[in-house]
Amino acid sequence: MTSNTYVGSSPNRVGGRDRVTGAQRYVADIHLVDELHAKLVTINESKARIISIDTSKAEQVPGVRLVMTADDLPKPMPRFGPQFQDRPIIAVDTVNYHGEPVAAVAADTKEAAEEGAALVEVEYEVLPNVHTIAAALAPEAPLVQDPSLRVGEPCADTNIKTEIHFGWGDISDVEADADFIIEREYEFPMVTHFAIEPHAFIAQPDGDELNVWSTIQHPFQLQKTLARLLSIPLSKMRVFAPDPGGGFGGKQHPKLEPLLCYMALKAGRPVRLVMSLEETFQAVRRPSTRVRVRTGLTNDGILVFQDIETNYLIGAYVDIADRVASKSSYLAAGPYKVPVVKIIGRTILSNTAPTTAFRGFGVPQITWARESTLDEAAIELGIDRLEIRRRNLPEKGYEFVPGDTPVDGEWMQTVDKAADLIGWSTPLPEGHGRGIALGLKSGPTTGLSYSTVRLLGDGSAIVFSGTSDMGQGARTVFSQIVAQEMGIPLENVNIVMGDTGTVPYDQQTSASRSTVLMGTSVYRACKDIHAKVKAMAAKIHDVDESEIEVDGGGVRIAGEDLPIMDVVTAGLGPLGGEVIGNGEMRKDKVPGHPLSGSAAFFEFNCTAIEAKVDDETGEIQILRHVTVGDVGTALNPQQVQGQDDGAAIMGLGHSLMEGYILDEEGRTRNLGAIDYRIPTSKDLPIELISASIENRDGPGPYGVKGVSEGSLLCTAPAVGAAVRDATGLIIRDLPLTPQRVWEAMREQER
Amino acid sequence: MKEFSYERPESLDEALRVLAASGPEVEILAGGTDLVIAMRDRYRQPKVVVDLKRIAELYPTLTWSGDTLTVSATATMTEVVNDPGINEHFPALAEAAFVVGSVQIRNRATLLGNICNGSPAADTAPPLLAYEAVIVVAGPGGKRRVPINDFIVGPGKTDLQESELAIALELTTPSRMMGSAYERMTRRKGTDLASVTLCATVDDAGVTQVAFGSVGPRAFLRTDETGVLADPNAVKDAKANVFENIFADASPSVRSMRASPDYRHAMLRVLGARAVGRATKRLQELQGVS
Amino acid sequence: MSETIQIETTINGRDWAFEVASNHTLLDVLRDQIGLTGTKECCVVGECGACTVIVDGIPMNSCLMLAVEIDGSDVTSVEGLASDGHLNALQQAFLDLSAPQCGFCIPGQLMSAHALLQSNPDPTIEDVHEGLGGNLCRCAGYLQITEAVLVAAKAGKE
């Protein structure tokens with residue numbers, strides 16, 4: 001009976017109109033009466049002992065109201081973090097990475113704050129730092145974190161934060177079965193999110209309440225962190241989270257909000273901080289990695305074992321990096337049938353910018369290494385590079401990680417479609433090369449999303465959801481679900497988000513989860529309304545509820561269809577009112593599971609690239625770029641394409657041009673937009689094709705799976721493979737800049 | 001950005017009076033695409049900023065007088081890119097101006113500012129060297145004309161003295177038939193600062209000029225009068241030898257973030273050959289139509 | 001020694017006369033003094049294009065322009081594209097093709113696209129890539145943005 005008006009359609013983006021008129025309000029666009037402007041004070045070192053901070057000159061600048069240093073904060077310094085409580089509100093005793101704030105100035109104007117910050121005098125002693133894997137692991141390496149912060153940790157007297165072990169079987173049992181063993185090391189650079197909206201925060205004391213505006217992706221986690229640090233009840237700690245101007249993981253966790261709260265409380269006035277792009281580079285980045293892959297295969301290219309060891313160079317504070325490491329390492333062996341797997345992942349602290357979630361959550365780094373090594377093996381074995389993947393690809397239902405979520409899609413369809421779209425079997429023009437790679441990422445392993453849907457008396461509806469719409473289009477898909485289930489026009493649905501004082505709890509917006517988890521919650525809220533409508537109809541028509549069906553198409557009683565609102569209007573009676581539905585989607589922790597839970601779904605992607613290389617300059621031209629994802633159902637095909645195109649191009653960024661350049665002392669030299677290059681409209685592939693496989697076999701409403709990350713999981717190995725195919729060059733470090741390719745060509749000539 | 005006194009003279013005399021009265025802590029504002037960044041980052045903190053854009057004598061921005069084109073200090077890159085005369089007679093300059101930044105940058109940035117800013121990577125320096133541009137400098141003592149090769153001194157340094165103002169540059173159409181082309185090397189296809197900039201000209205007497213930048217403290221101009229580079233039949237090794245001499249003074253910085261010295265040296269030779277090739281082709285086209 | 005200068009300007013069709021500080025950029029004044037927050041701030045070095053506005057018909061990075069420089073000029077920001085609440089053809093095409101994802105770069109993209117179509121009503125894909133090459137989009141919705149500009153160009157011709 002349900003009419004599929006909205007599922008699989010692409011209505012205009014909800015919030016799109018404000019985005020094309022300039023009316024969309026991001027945090028930096030919000031001003032409060034009597035607000036102060038904050039400016040951070042940093043020193044140009046990656047590790048130093050703070051001897052003294054003289055704020056007197058800064059305090060004399062007209063308009064400067066407050067200069068805050070560690071001395072103004074509680075002792076011992078309060079610390080926070082999503083995994084470990086290791087990040088101080090502001091640097092205390094030592095600066096542990098280039099750009100760590102040592103003081104902050106609040107003033108009536110931006111200029112006064114800037115002037116004050118320039119006049120804060122910091123006396124310090126430079127200390128030895130570590131900013132490479134080798135230096136951090138050296139026997140006498142200076143420790144990034146004081147062992148007193150790491151009581152009870154087995155590696156507390158080293159720079160290793162955590163060493164994780166996953167796998168199944170014993171390689172020594174099968175090593176003899178491998179006809180061919182290949183061992184390679186691949187490196188992935190430090191890259192940063194570069195959301196076009198820099199992070200911004202406002203803190204406002206309000207009686208015994210505290211309001212905070214943040215570009216945060218997870219407002220409820222920020223609320224918890226601040227409530228704990230400041231000993232405020234959750235009910236009085238209110239976080240406003242306007243739609244972020246791009247997140248990509250960099251805005252998941254609290255950063256400077258605690259500092260802003262302390263400043264606002266001390267000043268008794270609202271304090272705002274809009275970070276510069278340079279400051280965001282110093283606040284968030286992706287863990288860089290060195291991955292060693294040892295793969296055993298038969299002569300037919302059948303995988304015998306995988307032995308993968310990943311060193312993740314993380315920042316001075318852990319943020320969510322340990323989780324990035326464990327989650328990406330867990331599926332390091334990829335979407336293959338591998339009888340025996342040994343995985344080691346090691347997070348290594350360093351005096352560098354804190355590493356956090358970044359689209360793909362560690363998977364692009366490992367995939368670059370695993371897929372590239374598999375390609376090297378295929379070439380040495382004389383097996384077609386597509387064929388070697390097909391031979392090892394598991395079928396739907398196969399437990400490729402023993403005892404865990406089995407294959408949840410027809411993965412071969414995805415691979416075949418990508419191969420077809422790139423024309424894998426067609427002859428290549430001279431000088432061109434092709435590459436193909438597979439990427440696999442676990443969706444969320446835990447989750448909790450509540451929602452409320454209010455069906456109002458006039459047939460419109462308001463949805464209350466704690467998801468953050470940072471461009472993925474959550475408002476639109478939730479509107480589609482409610483319009484579909486209530487049988488009302490999408491234009492009559494309004495979505496309320498981004499206010500912990502108004503909307504019910506949602507764990508987080510990450511891991512391509514929102515359409516599946518919050519989408520299910522919203523769907524269930526609609527079902528809750530359906531149940532109430534059914535009860536109304538039963539009462540009005542004096543029939544048993546069992547004889548009534550309710551869905552988006554209306555209310556069916558004894559073969560007769562009634563619009564939902566006819567029943568609701570009659571049921572609500574002369575006082576009017578509304579019907580309220582609540583939804584909950586819970587994915588509980590699984591005790592003993594290495595990731596606390598099994599994957600809700602997989603993002604499975606196949607990327608195929610055709611490229612050519614300028615044999616004089618080393619410049620790579622991407623001629624055709626195909627990305628195919630298994631999406632279950634494309635609830636909104638236009639938005640799926642936007643996510644896939646965007647992720648694919650972001651993948652080209654880290655494949656071809658992005659990377660921090662550190663100096664000898666661990667300072668980032670290329671802060672900001674001039675010397676950190678991301679793709680522009682002139683850097684696109686000649687042809688970019690994003691395609692989907694839809695078998696309606698996902699766990700979300702209407703069979704959806706998550707999208708948003710798939711298309712960048714295996715971009716780099718596909719590009720690398722195409723370059724190798726075109727030139728014979730094997731390059732094991734990213735990005736594949738013209739210079740790096742040229743150097744490899746020169747090496748090849750020797 | 002620190003506060004400063006903003007001056008907007010309407011005549012050249014007034015501008016020179018303001019400059020003379022302002023002392024050394026003065027900055028000239030034309031397009032501002034370098035200056036505003038420098039002031040915001042506080043590595044330039046002028047007391048006075050003199051905006052040139054209302055000076056009557058600086059308009060029109062592009063004027064021909066016989067064989068000489070005068071480009072005033074307010075002429076933007078966009079104007080240079082779009083000017084038919086520049087495209088006809090100085091095509092390598094139009095090519096270089098076209099790759100300076102984005103549309104928005106080219107709408108603001110001025111050709112003369114690109115030179116006065118003194119960046120070794122200035123895209124337009126090589127073609128202006130090759131076309132033998134002359135900078136017109138106005139000062140308390142009147143005007144003087146400085147060949148661009150003498151005007152460019154080093155990183156951030158020009159021949160401009162205190163209280164002087166560069167008001168225009170002059171380009172004279174080559175006396176011989178000449179083909180020219182501009183090449184650069186960047187890290188991405190989108191807007192970028194170049195790791196090598198290079199302009200080649202080839203004339204009908206077989207003389208080749210190569211001007212190149214971003215590989216040392218300033219852009220250099222070198223000439224090959226042997227005719228080898230311009231000779232399509234010359235063997236590769238012979239050309240390579242000439243290029244070795246031409247690029248002998250290239251000294252790219254090891255500290256650069258944009259490319260290594262080895263890569264820059266190699267790309268000079270690659271781009272040199274490409275630019276000479278395109279310039280030769282253009283010369284042949286000119287000869288074909290004449 | 002606050003150096004302020006009285007200026008007169010037209011912004012989105014409305015005449016303004018007010019004082020600006022010498023050291024404030026056009027971006028500062030639009031966002032903080034006039035309250036037109038549609039124009040966005042990101043890199044402040046002229047690389048990202050989020051702050052693009054049109055001054056006397058020409059797209060500029062407002063982060064690199066002193067506010068005093070608009071004295072006597074006509075400025076259009078993203079808020080000036082729609083008239084009487086109706087989206088113009090470009091805005092409508094951006095909306096229809098889902099060109100905005102997070103939306104933060106979109107005002108700048110729109111201003112560059114608007115200026116492009118004013119000077120080149122029939123652009124090729126390469127023209128659009130060049131015309132919008134100074135506007136970064138980290139969501140990388142470049143394909144949809146480009147398509148939207150081409151659709152708007154076509155709509156403008158009909």
# chains A, B, ... in the order shown; residues from 1 in each chain; ligands from 1
>>> residues_around(residues="A:Tyr6", least_positions_apart="5", cutoff="12 Å", atoms="only C-alpha atoms", output="number ranges by chain")
A: 11-12, 476-491, 552-553, 634-637, 702
>>> write_last_selection(atoms="N, CA and C atoms", output="PDB file, in the first residue's frame")
ATOM      1  N   PRO A  11      14.703  15.071  -3.736  1.00  0.00           N
ATOM      2  CA  PRO A  11      14.141  16.414  -3.573  1.00  0.00           C
ATOM      3  C   PRO A  11      15.260  17.411  -3.287  1.00  0.00           C
ATOM      4  N   ASN A  12      14.968  18.683  -3.456  1.00  0.00           N
ATOM      5  CA  ASN A  12      15.972  19.696  -3.132  1.00  0.00           C
ATOM      6  C   ASN A  12      16.437  19.528  -1.691  1.00  0.00           C
ATOM      7  N   THR A 476      17.736  16.273   4.870  1.00  0.00           N
ATOM      8  CA  THR A 476      16.940  15.890   3.701  1.00  0.00           C
ATOM      9  C   THR A 476      16.445  14.453   3.831  1.00  0.00           C
ATOM     10  N   VAL A 477      17.322  13.534   4.207  1.00  0.00           N
ATOM     11  CA  VAL A 477      16.883  12.138   4.244  1.00  0.00           C
ATOM     12  C   VAL A 477      15.900  11.901   5.388  1.00  0.00           C
ATOM     13  N   PHE A 478      16.068  12.597   6.508  1.00  0.00           N
ATOM     14  CA  PHE A 478      15.076  12.430   7.578  1.00  0.00           C
ATOM     15  C   PHE A 478      13.727  13.000   7.135  1.00  0.00           C
ATOM     16  N   SER A 479      13.762  14.097   6.411  1.00  0.00           N
ATOM     17  CA  SER A 479      12.510  14.661   5.869  1.00  0.00           C
ATOM     18  C   SER A 479      11.855  13.673   4.917  1.00  0.00           C
ATOM     19  N   GLN A 480      12.691  13.021   4.103  1.00  0.00           N
ATOM     20  CA  GLN A 480      12.137  12.039   3.157  1.00  0.00           C
ATOM     21  C   GLN A 480      11.461  10.897   3.898  1.00  0.00           C
ATOM     22  N   ILE A 481      12.103  10.421   4.977  1.00  0.00           N
ATOM     23  CA  ILE A 481      11.540   9.297   5.739  1.00  0.00           C
ATOM     24  C   ILE A 481      10.188   9.705   6.330  1.00  0.00           C
ATOM     25  N   VAL A 482      10.142  10.892   6.934  1.00  0.00           N
ATOM     26  CA  VAL A 482       8.905  11.321   7.596  1.00  0.00           C
ATOM     27  C   VAL A 482       7.817  11.602   6.560  1.00  0.00           C
ATOM     28  N   ALA A 483       8.174  12.246   5.460  1.00  0.00           N
ATOM     29  CA  ALA A 483       7.181  12.515   4.414  1.00  0.00           C
ATOM     30  C   ALA A 483       6.633  11.195   3.867  1.00  0.00           C
ATOM     31  N   GLN A 484       7.555  10.249   3.687  1.00  0.00           N
ATOM     32  CA  GLN A 484       7.155   8.941   3.180  1.00  0.00           C
ATOM     33  C   GLN A 484       6.188   8.247   4.147  1.00  0.00           C
ATOM     34  N   GLU A 485       6.560   8.251   5.423  1.00  0.00           N
ATOM     35  CA  GLU A 485       5.783   7.464   6.395  1.00  0.00           C
ATOM     36  C   GLU A 485       4.500   8.147   6.834  1.00  0.00           C
ATOM     37  N   MET A 486       4.478   9.479   6.765  1.00  0.00           N
ATOM     38  CA  MET A 486       3.264  10.194   7.166  1.00  0.00           C
ATOM     39  C   MET A 486       2.370  10.477   5.970  1.00  0.00           C
ATOM     40  N   GLY A 487       2.890  10.224   4.784  1.00  0.00           N
ATOM     41  CA  GLY A 487       2.111  10.523   3.589  1.00  0.00           C
ATOM     42  C   GLY A 487       1.858  12.005   3.432  1.00  0.00           C
ATOM     43  N   ILE A 488       2.835  12.816   3.798  1.00  0.00           N
ATOM     44  CA  ILE A 488       2.675  14.274   3.702  1.00  0.00           C
ATOM     45  C   ILE A 488       3.754  14.844   2.786  1.00  0.00           C
ATOM     46  N   PRO A 489       3.523  16.048   2.258  1.00  0.00           N
ATOM     47  CA  PRO A 489       4.557  16.632   1.391  1.00  0.00           C
ATOM     48  C   PRO A 489       5.834  16.913   2.170  1.00  0.00           C
ATOM     49  N   LEU A 490       6.959  16.697   1.537  1.00  0.00           N
ATOM     50  CA  LEU A 490       8.241  16.922   2.183  1.00  0.00           C
ATOM     51  C   LEU A 490       8.380  18.370   2.652  1.00  0.00           C
ATOM     52  N   GLU A 491       7.780  19.273   1.920  1.00  0.00           N
ATOM     53  CA  GLU A 491       7.886  20.690   2.287  1.00  0.00           C
ATOM     54  C   GLU A 491       7.254  20.971   3.653  1.00  0.00           C
ATOM     55  N   GLY A 552       2.648   4.764   5.293  1.00  0.00           N
ATOM     56  CA  GLY A 552       2.730   6.072   4.641  1.00  0.00           C
ATOM     57  C   GLY A 552       1.615   6.311   3.635  1.00  0.00           C
ATOM     58  N   GLY A 553       1.014   5.237   3.176  1.00  0.00           N
ATOM     59  CA  GLY A 553      -0.061   5.411   2.203  1.00  0.00           C
ATOM     60  C   GLY A 553      -1.378   5.781   2.857  1.00  0.00           C
ATOM     61  N   ALA A 634      19.868   3.677  -2.432  1.00  0.00           N
ATOM     62  CA  ALA A 634      20.187   5.105  -2.484  1.00  0.00           C
ATOM     63  C   ALA A 634      18.905   5.864  -2.149  1.00  0.00           C
ATOM     64  N   LEU A 635      18.748   6.167  -0.888  1.00  0.00           N
ATOM     65  CA  LEU A 635      17.538   6.862  -0.452  1.00  0.00           C
ATOM     66  C   LEU A 635      17.397   8.190  -1.183  1.00  0.00           C
ATOM     67  N   ASN A 636      18.523   8.850  -1.391  1.00  0.00           N
ATOM     68  CA  ASN A 636      18.532  10.109  -2.147  1.00  0.00           C
ATOM     69  C   ASN A 636      19.714  10.049  -3.124  1.00  0.00           C
ATOM     70  N   PRO A 637      19.459   9.577  -4.338  1.00  0.00           N
ATOM     71  CA  PRO A 637      20.567   9.326  -5.277  1.00  0.00           C
ATOM     72  C   PRO A 637      21.442  10.546  -5.536  1.00  0.00           C
ATOM     73  N   TYR A 702      14.362   1.041   4.524  1.00  0.00           N
ATOM     74  CA  TYR A 702      14.272   0.767   3.082  1.00  0.00           C
ATOM     75  C   TYR A 702      15.520   0.062   2.541  1.00  0.00           C
TER      76      TYR A 702
END
>>> interface_residues(of="chain A", to="chain B", cutoff="6 Å", atoms="only C-alpha atoms", output="list in words")
Thr680, Lys682 and Asp683 of chain A
>>> write_last_selection(atoms="N, CA and C atoms", output="mmCIF file, in the first residue's frame")
data_model
loop_
_atom_site.group_PDB
_atom_site.id
_atom_site.type_symbol
_atom_site.label_atom_id
_atom_site.label_comp_id
_atom_site.auth_asym_id
_atom_site.auth_seq_id
_atom_site.Cartn_x
_atom_site.Cartn_y
_atom_site.Cartn_z
ATOM 1 N N THR A 680 41.335 21.587 -6.655
ATOM 2 C CA THR A 680 40.432 22.652 -7.100
ATOM 3 C C THR A 680 39.633 22.117 -8.286
ATOM 4 N N LYS A 682 40.095 22.711 -11.160
ATOM 5 C CA LYS A 682 40.990 22.458 -12.294
ATOM 6 C C LYS A 682 41.822 21.182 -12.112
ATOM 7 N N ASP A 683 41.627 20.518 -10.967
ATOM 8 C CA ASP A 683 42.407 19.303 -10.696
ATOM 9 C C ASP A 683 41.557 18.043 -10.790
#
>>> closest_atom_pairs(of="chain C", to="chain B", cutoff="8 Å", atoms="only C-alpha atoms", output="Markdown table")
| residue | atom | partner | partner_atom | distance |
| --- | --- | --- | --- | --- |
| C:Met1 | CA | B:Glu3 | CA | 7.6 |
| C:Ser2 | CA | B:Glu3 | CA | 6.6 |
| C:Glu3 | CA | B:Ser5 | CA | 6.0 |
| C:Ala21 | CA | B:Glu3 | CA | 7.8 |
| C:Ser22 | CA | B:Tyr6 | CA | 6.1 |
| C:Asn23 | CA | B:Glu3 | CA | 5.2 |
| C:His24 | CA | B:Met1 | CA | 7.8 |
| C:Val44 | CA | B:Ile37 | CA | 7.6 |
| C:Val45 | CA | B:Ile37 | CA | 6.0 |
| C:Gly46 | CA | B:Ile105 | CA | 6.9 |
| C:Glu47 | CA | B:Ser102 | CA | 7.8 |
| C:Gly49 | CA | B:Gln104 | CA | 7.8 |
| C:Thr52 | CA | B:Gln104 | CA | 7.6 |
| C:Ile58 | CA | B:Asn107 | CA | 7.0 |
| C:Pro59 | CA | B:Gln104 | CA | 5.5 |
| C:Met60 | CA | B:Gln104 | CA | 4.6 |
| C:Asn61 | CA | B:Gln104 | CA | 5.9 |
| C:Leu64 | CA | B:Val36 | CA | 5.6 |
| C:Met65 | CA | B:Gly32 | CA | 6.8 |
| C:Leu66 | CA | B:Val36 | CA | 7.8 |
| C:Glu130 | CA | B:Val103 | CA | 7.6 |
| C:Gly131 | CA | B:Val103 | CA | 6.2 |
| C:Leu132 | CA | B:Val103 | CA | 7.7 |
| C:Gly133 | CA | B:Ser102 | CA | 6.1 |
| C:Gly134 | CA | B:Ser102 | CA | 4.7 |
>>> write_last_selection(atoms="N, CA and C atoms", output="short mmCIF file (atom, residue, chain, number, x, y, z; two decimals), in the first residue's frame")
data_model
loop_
_atom_site.label_atom_id
_atom_site.label_comp_id
_atom_site.auth_asym_id
_atom_site.auth_seq_id
_atom_site.Cartn_x
_atom_site.Cartn_y
_atom_site.Cartn_z
N MET C 1 45.18 55.73 18.14
CA MET C 1 45.17 56.45 16.87
C MET C 1 44.33 55.70 15.85
N SER C 2 43.07 55.61 16.17
CA SER C 2 42.19 54.88 15.26
C SER C 2 41.96 55.70 14.00
N GLU C 3 42.45 55.20 12.92
CA GLU C 3 42.30 55.90 11.65
C GLU C 3 40.99 55.42 11.01
N ALA C 21 37.35 51.55 9.56
CA ALA C 21 38.72 51.65 10.05
C ALA C 21 39.66 51.34 8.90
N SER C 22 40.79 52.01 8.86
CA SER C 22 41.73 51.82 7.76
C SER C 22 42.19 50.36 7.67
N ASN C 23 42.31 49.73 8.82
CA ASN C 23 42.88 48.37 8.83
C ASN C 23 41.81 47.29 8.77
N HIS C 24 40.60 47.65 8.44
CA HIS C 24 39.56 46.63 8.26
C HIS C 24 39.43 46.30 6.77
N VAL C 44 41.81 33.70 4.33
CA VAL C 44 42.25 35.12 4.36
C VAL C 44 43.58 35.38 3.64
N VAL C 45 43.91 34.57 2.66
CA VAL C 45 45.08 34.86 1.82
C VAL C 45 44.72 34.79 0.33
N GLY C 46 43.44 34.83 0.02
CA GLY C 46 43.05 34.86 -1.39
C GLY C 46 43.16 33.53 -2.11
N GLU C 47 43.19 32.44 -1.34
CA GLU C 47 43.32 31.12 -1.97
C GLU C 47 42.00 30.36 -2.05
N GLY C 49 38.60 31.62 -1.80
CA GLY C 49 37.48 32.23 -2.51
C GLY C 49 36.17 32.29 -1.73
N THR C 52 34.45 35.73 -1.68
CA THR C 52 34.30 36.44 -2.96
C THR C 52 33.05 37.31 -3.00
N ILE C 58 33.11 43.15 -10.87
CA ILE C 58 34.29 42.28 -10.94
C ILE C 58 34.42 41.47 -9.65
N PRO C 59 34.58 40.14 -9.77
CA PRO C 59 34.72 39.34 -8.55
C PRO C 59 36.07 39.56 -7.88
N MET C 60 36.03 39.74 -6.58
CA MET C 60 37.24 40.04 -5.79
C MET C 60 37.23 39.19 -4.53
N ASN C 61 38.41 38.95 -3.99
CA ASN C 61 38.50 38.36 -2.64
C ASN C 61 38.36 39.51 -1.64
N LEU C 64 41.17 40.43 0.82
CA LEU C 64 42.40 41.09 0.38
C LEU C 64 42.16 42.53 -0.03
N MET C 65 41.00 43.03 0.29
CA MET C 65 40.65 44.39 -0.11
C MET C 65 40.37 45.21 1.14
N LEU C 66 40.99 46.36 1.25
CA LEU C 66 40.66 47.21 2.38
C LEU C 66 39.24 47.75 2.19
N GLU C 130 37.83 27.30 -14.84
CA GLU C 130 38.73 28.43 -14.68
C GLU C 130 38.07 29.54 -13.87
N GLY C 131 36.84 29.84 -14.22
CA GLY C 131 36.14 30.94 -13.56
C GLY C 131 35.92 30.70 -12.08
N LEU C 132 35.76 29.42 -11.71
CA LEU C 132 35.54 29.07 -10.32
C LEU C 132 36.78 28.40 -9.71
N GLY C 133 37.90 28.50 -10.43
CA GLY C 133 39.13 27.84 -9.97
C GLY C 133 39.68 28.44 -8.69
N GLY C 134 39.24 29.63 -8.36
CA GLY C 134 39.69 30.27 -7.12
C GLY C 134 38.73 30.07 -5.97
#
>>> select_by_dssp(residues="stretch 43-119 of chain C", states="strand (DSSP E)", output="ChimeraX atom specification")
/C:52-55,58-61,74-76
>>> interface_residues(of="chain A", to="chain C", cutoff="9 Å", atoms="only C-alpha atoms", output="PyMOL selection string")
chain A and resi 10-13+16-26+28-30+193-198+243-248+276-278+469-473+638-639+642-643+645-650+672-674+678-682+684+688
>>> residues_around(residues="A:Met190", least_positions_apart="5", cutoff="9 Å", atoms="only C-alpha atoms", output="JSON, numbers by chain")
{"A": [285, 286, 287, 288, 289, 313, 658, 659, 660, 661]}
>>> write_last_selection(atoms="N, CA and C atoms", output="short mmCIF file (atom, residue, chain, number, x, y, z; two decimals), in the first residue's frame")
data_model
loop_
_atom_site.label_atom_id
_atom_site.label_comp_id
_atom_site.auth_asym_id
_atom_site.auth_seq_id
_atom_site.Cartn_x
_atom_site.Cartn_y
_atom_site.Cartn_z
N ARG A 285 44.48 16.53 12.49
CA ARG A 285 45.04 15.91 11.30
C ARG A 285 44.75 14.42 11.33
N ARG A 286 45.04 13.76 10.22
CA ARG A 286 44.90 12.31 10.12
C ARG A 286 46.19 11.67 10.60
N PRO A 287 46.10 10.54 11.33
CA PRO A 287 47.35 9.86 11.70
C PRO A 287 48.12 9.45 10.44
N SER A 288 49.39 9.76 10.42
CA SER A 288 50.23 9.26 9.34
C SER A 288 50.64 7.84 9.70
N THR A 289 50.99 7.05 8.70
CA THR A 289 51.26 5.64 9.00
C THR A 289 52.45 5.11 8.21
N LEU A 313 51.45 7.20 13.53
CA LEU A 313 52.06 8.32 14.26
C LEU A 313 50.94 9.27 14.66
N GLU A 658 48.46 16.29 -1.14
CA GLU A 658 48.38 16.81 0.22
C GLU A 658 49.46 16.23 1.13
N GLY A 659 49.85 17.00 2.11
CA GLY A 659 50.78 16.51 3.12
C GLY A 659 51.42 17.64 3.88
N TYR A 660 51.56 17.45 5.18
CA TYR A 660 52.29 18.44 5.98
C TYR A 660 53.76 18.36 5.63
N ILE A 661 54.40 19.51 5.68
CA ILE A 661 55.85 19.55 5.57
C ILE A 661 56.38 20.04 6.92
#
